[in-house]
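Student: The following block contains the structure, expressed as structure tokens.
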Amino acid sequence: MSRITNKWLAGGVLIALFTTQTALSQAPEKNTLTLTDVWKRADAYNRQLQMQYLHVQSMDERTKTARDERLPEVKASGLYARVSNLAIYQDGLLHSPTQYPVVHAYYQFGADAYLNVYNGGKTSREIKARQTEAELATEQKNLTVTEIHYKAAAAYLDIYRGRIYEKVLLQDIAEREKQLEEIRHLHQNGVVLKSDVLRAELMLSKQKMTLLEIRNGIQISNQRLNIMIGQPDSSNNQLSLDTLVVPQAPVRSYEDYLADAYEHSFVFKISEKETALRELKLKDVKSNILPKVGLYAEYAYTYPQILFYPYSIALYGLGQTGVKAAVPISAFYQNKHKKQEAKINLERQEIEHADTKDQVREEVQAAYLRYTEALTRIQVANDNITQAKENFRIVNNTYFNQLSLLTDLLDAETQLLQSRFDLTTAEVTAQLQYYQLLKATGNL
């Protein structure tokens, strides 16, 4: 008796949860979103993308800083000092010196400038390196945009799949409730056993529990999507009716997608930029042995004049201009291993670039095959629904005509429900694989 009471209590809890969730699902629809809207909001509000935008701006400023190195270096300087008397130790440090008075105030102020004329091309390569880093940061930002778009699409499609599951399951629960009433009526007339009623009730309870799990999954995906697009967790996103836009067949061949990936894949472009940076580094190391030439000018006022003889206790001004040149002789033997290290790093980066190309090709093929497989799965799922419907119709008629068991009917119901779930899963998977293919080719 206690077991039966517990079952009815559990069933009451499930019914209460089911009623609450149904009321929530009937709330007014707000925030209708298309996937394009989601991507636009993610581009504007996603925190990971905001960090990437700032990184790109930082790299742009670094490029401008490198260009500023072409401008002359100008600086002003000043000096003030108090000079002590001149002590002459005629008899050694152990004896008192003779003090000679001097001018105690000493000061100097002036300016100088230096213009780099030639330094082995290091300034030009520095500018080129900073430009390449800025381009690399842009490609990394584009890659992050693509990844966020894919994750947002996955969360969006999770919500869509959950909503379709919910709709299908609600319809199934309504049919199962009608069926349960018919089974109870047959039991009252002594046509079926009490066990049939209990099994039908158990099946209905399981369906309601599954409905609760589906709705919880929708809320989790909804929160994940809200975080990606900068909305409050409480926003209940309603999806557009044209969510699934996947073509019924691939519009291009695998070779076309692969060629597109080599041209637009952000991962491939990032690898190219990193290889270019290694090449610039090698050229920069090779230039360490080249001379440096620059123009300079300086002028300063000094008091007193004690630089040239005859000395004068007066302020004087002195300037000079000319050419400075230097040859780093030590670099001819110190630069050998640095150059070899740079060559090794470049060779390693070239191998890594080739490996990246292989990975891109592998990713494109996998996405293409999974995409075509998902399209085939949709066709199979549609056929399975047709067969499951016919099977359920036959078993349903035979059961109520006392020609089959309830277990057969429940199995047929489960197969029909699962086939409907499978169709939704196949459609969502095909859509997601399509976006995966676009992501691999750099077009998402």
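Labels for the structure tokens follow display order: chains A, B, ..., residues from 1 in each chain, ligands from 1.
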If you run DSSP on this backbone, which residues of region 16-97 of chain A come out as strand (DSSP E), and could you give them as number ranges by chain?

Tutor: A: 30-33, 73-82, 86-88

Student: Which neighbours of Ala155 (chain A) fall inside 9 Å, counting only C-alpha atoms, when residues of the same chain fewer than 3 positions from it are skipped, and could you give them as a short mmCIF file (atom, residue, chain, number, x, y, z; two decimals) with N, CA, C and O atoms, in the first residue's frame?

Tutor:
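The new file part.cif reads:
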```
data_model
loop_
_atom_site.label_atom_id
_atom_site.label_comp_id
_atom_site.auth_asym_id
_atom_site.auth_seq_id
_atom_site.Cartn_x
_atom_site.Cartn_y
_atom_site.Cartn_z
N TYR A 150 30.28 30.61 -34.22
CA TYR A 150 29.96 29.18 -34.20
C TYR A 150 29.37 28.77 -32.85
O TYR A 150 28.38 28.04 -32.78
N LYS A 151 29.97 29.25 -31.76
CA LYS A 151 29.46 28.91 -30.43
C LYS A 151 28.05 29.49 -30.23
O LYS A 151 27.18 28.85 -29.64
N ALA A 152 27.85 30.72 -30.72
CA ALA A 152 26.53 31.33 -30.61
C ALA A 152 25.50 30.55 -31.42
O ALA A 152 24.36 30.34 -30.98
N ASP A 158 20.74 24.83 -30.03
CA ASP A 158 20.35 24.04 -28.85
C ASP A 158 18.98 24.47 -28.34
O ASP A 158 18.15 23.63 -27.97
N ILE A 159 18.78 25.79 -28.30
CA ILE A 159 17.47 26.29 -27.87
C ILE A 159 16.40 25.86 -28.86
O ILE A 159 15.32 25.40 -28.47
N TYR A 160 16.70 25.99 -30.14
CA TYR A 160 15.74 25.58 -31.17
C TYR A 160 15.40 24.10 -31.04
O TYR A 160 14.21 23.72 -31.07
N SER A 221 20.86 26.62 -22.14
CA SER A 221 21.33 27.14 -23.44
C SER A 221 20.94 28.60 -23.61
O SER A 221 21.71 29.39 -24.19
N ASN A 222 19.78 28.97 -23.09
CA ASN A 222 19.34 30.36 -23.19
C ASN A 222 20.26 31.29 -22.41
O ASN A 222 20.63 32.37 -22.88
N ARG A 224 23.43 30.63 -21.69
CA ARG A 224 24.71 30.63 -22.41
C ARG A 224 24.67 31.63 -23.57
O ARG A 224 25.63 32.37 -23.80
N LEU A 225 23.55 31.64 -24.28
CA LEU A 225 23.42 32.56 -25.41
C LEU A 225 23.36 34.01 -24.92
O LEU A 225 23.98 34.90 -25.52
#
```

Student: Can you work out which one of A:Asp383, A:Lys75, A:Tyr156, A:Leu211 has the shortest atom-to-atom distance to Asn237 (chain A), counting only C-alpha atoms?

Tutor: A:Tyr156

Student: Do you know which residues are at most 8 Å from region 99-116 of chain A counting only C-alpha atoms, after dropping those on the same chain fewer than 6 positions away, and could you put them as a ChimeraX atom specification?

Tutor: /A:70-88,293-304,313

Student: Write the residues you've just listed into a file as a short mmCIF file (atom, residue, chain, number, x, y, z; two decimals), in the first residue's frame, and include N, CA, C and O atoms for each of them.

Tutor:
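Once written, selection35.cif looks like this:
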```
data_model
loop_
_atom_site.label_atom_id
_atom_site.label_comp_id
_atom_site.auth_asym_id
_atom_site.auth_seq_id
_atom_site.Cartn_x
_atom_site.Cartn_y
_atom_site.Cartn_z
N ARG A 70 61.55 57.06 -37.36
CA ARG A 70 62.18 57.76 -38.49
C ARG A 70 62.43 59.24 -38.18
O ARG A 70 63.25 59.89 -38.83
N LEU A 71 61.71 59.78 -37.22
CA LEU A 71 61.86 61.19 -36.87
C LEU A 71 63.16 61.40 -36.09
O LEU A 71 63.65 60.49 -35.42
N PRO A 72 63.74 62.60 -36.17
CA PRO A 72 65.00 62.85 -35.43
C PRO A 72 64.78 62.83 -33.92
O PRO A 72 63.71 63.18 -33.43
N GLU A 73 65.82 62.42 -33.21
CA GLU A 73 65.80 62.44 -31.75
C GLU A 73 66.28 63.81 -31.29
O GLU A 73 67.39 64.23 -31.61
N VAL A 74 65.47 64.50 -30.53
CA VAL A 74 65.80 65.84 -30.02
C VAL A 74 65.63 65.83 -28.51
O VAL A 74 64.62 65.33 -28.00
N LYS A 75 66.60 66.37 -27.82
CA LYS A 75 66.47 66.43 -26.37
C LYS A 75 67.15 67.69 -25.86
O LYS A 75 68.10 68.20 -26.45
N ALA A 76 66.62 68.18 -24.77
CA ALA A 76 67.19 69.34 -24.08
C ALA A 76 67.72 68.86 -22.73
O ALA A 76 67.15 67.96 -22.11
N SER A 77 68.81 69.48 -22.29
CA SER A 77 69.43 69.06 -21.03
C SER A 77 69.93 70.27 -20.27
O SER A 77 70.19 71.33 -20.86
N GLY A 78 70.04 70.09 -19.00
CA GLY A 78 70.55 71.16 -18.15
C GLY A 78 71.34 70.59 -16.99
O GLY A 78 71.15 69.44 -16.59
N LEU A 79 72.26 71.42 -16.45
CA LEU A 79 73.11 70.95 -15.35
C LEU A 79 73.46 72.14 -14.47
O LEU A 79 73.76 73.24 -14.96
N TYR A 80 73.34 71.94 -13.18
CA TYR A 80 73.80 72.94 -12.21
C TYR A 80 74.56 72.23 -11.12
O TYR A 80 74.14 71.17 -10.64
N ALA A 81 75.73 72.81 -10.74
CA ALA A 81 76.56 72.17 -9.72
C ALA A 81 77.27 73.23 -8.88
O ALA A 81 77.49 74.36 -9.34
N ARG A 82 77.59 72.84 -7.64
CA ARG A 82 78.44 73.66 -6.77
C ARG A 82 79.80 72.99 -6.71
O ARG A 82 79.93 71.83 -6.34
N VAL A 83 80.81 73.75 -7.11
CA VAL A 83 82.17 73.22 -7.22
C VAL A 83 82.96 73.59 -5.97
O VAL A 83 82.93 74.75 -5.52
N SER A 84 83.66 72.59 -5.43
CA SER A 84 84.48 72.86 -4.24
C SER A 84 85.80 73.50 -4.65
O SER A 84 86.17 73.54 -5.82
N ASN A 85 86.53 74.03 -3.63
CA ASN A 85 87.88 74.55 -3.89
C ASN A 85 88.78 73.43 -4.38
O ASN A 85 88.55 72.25 -4.09
N LEU A 86 89.81 73.83 -5.09
CA LEU A 86 90.76 72.86 -5.63
C LEU A 86 91.81 72.57 -4.57
O LEU A 86 92.55 73.47 -4.14
N ALA A 87 91.85 71.30 -4.12
CA ALA A 87 92.81 70.92 -3.07
C ALA A 87 94.02 70.26 -3.73
O ALA A 87 93.89 69.27 -4.45
N ILE A 88 95.22 70.84 -3.48
CA ILE A 88 96.46 70.31 -4.04
C ILE A 88 97.26 69.67 -2.90
O ILE A 88 97.66 70.36 -1.94
N VAL A 293 74.95 55.07 -39.67
CA VAL A 293 75.33 56.43 -40.03
C VAL A 293 74.19 57.37 -39.66
O VAL A 293 73.01 57.05 -39.88
N GLY A 294 74.55 58.53 -39.06
CA GLY A 294 73.54 59.50 -38.70
C GLY A 294 74.09 60.90 -38.66
O GLY A 294 75.31 61.11 -38.56
N LEU A 295 73.20 61.88 -38.75
CA LEU A 295 73.55 63.29 -38.64
C LEU A 295 73.25 63.76 -37.23
O LEU A 295 72.24 63.36 -36.64
N TYR A 296 74.12 64.63 -36.70
CA TYR A 296 73.87 65.13 -35.35
C TYR A 296 74.17 66.62 -35.30
O TYR A 296 74.93 67.17 -36.11
N ALA A 297 73.57 67.28 -34.32
CA ALA A 297 73.82 68.70 -34.06
C ALA A 297 73.56 68.95 -32.58
O ALA A 297 72.66 68.34 -31.98
N GLU A 298 74.38 69.84 -32.00
CA GLU A 298 74.19 70.17 -30.58
C GLU A 298 74.67 71.59 -30.32
O GLU A 298 75.58 72.11 -31.01
N TYR A 299 74.06 72.21 -29.34
CA TYR A 299 74.46 73.56 -28.93
C TYR A 299 74.15 73.69 -27.45
O TYR A 299 73.08 73.26 -26.98
N ALA A 300 75.10 74.32 -26.70
CA ALA A 300 74.92 74.44 -25.25
C ALA A 300 75.58 75.72 -24.75
O ALA A 300 76.60 76.18 -25.30
N TYR A 301 74.98 76.28 -23.71
CA TYR A 301 75.57 77.42 -22.98
C TYR A 301 76.13 76.89 -21.68
O TYR A 301 75.47 76.12 -20.97
N THR A 302 77.41 77.36 -21.34
CA THR A 302 78.08 76.85 -20.16
C THR A 302 78.73 78.00 -19.40
O THR A 302 79.24 78.95 -20.01
N TYR A 303 78.69 77.89 -18.10
CA TYR A 303 79.36 78.86 -17.24
C TYR A 303 80.11 78.10 -16.15
O TYR A 303 79.54 77.20 -15.55
N PRO A 304 81.37 78.39 -15.88
CA PRO A 304 82.27 79.30 -16.60
C PRO A 304 82.92 78.57 -17.77
O PRO A 304 82.75 77.38 -17.93
N ILE A 313 85.89 83.53 -16.78
CA ILE A 313 84.79 83.43 -15.81
C ILE A 313 83.59 84.15 -16.42
O ILE A 313 83.20 85.26 -16.03
#
```

Student: Tell me which of A:Val117, A:Val197, A:Leu258, A:Leu180 sits closest to Gly442 (chain A), counting only C-alpha atoms.

Tutor: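 When distances to Gly442 (chain A) are compared using only C-alpha atoms, the smallest one comes from A:Leu258.
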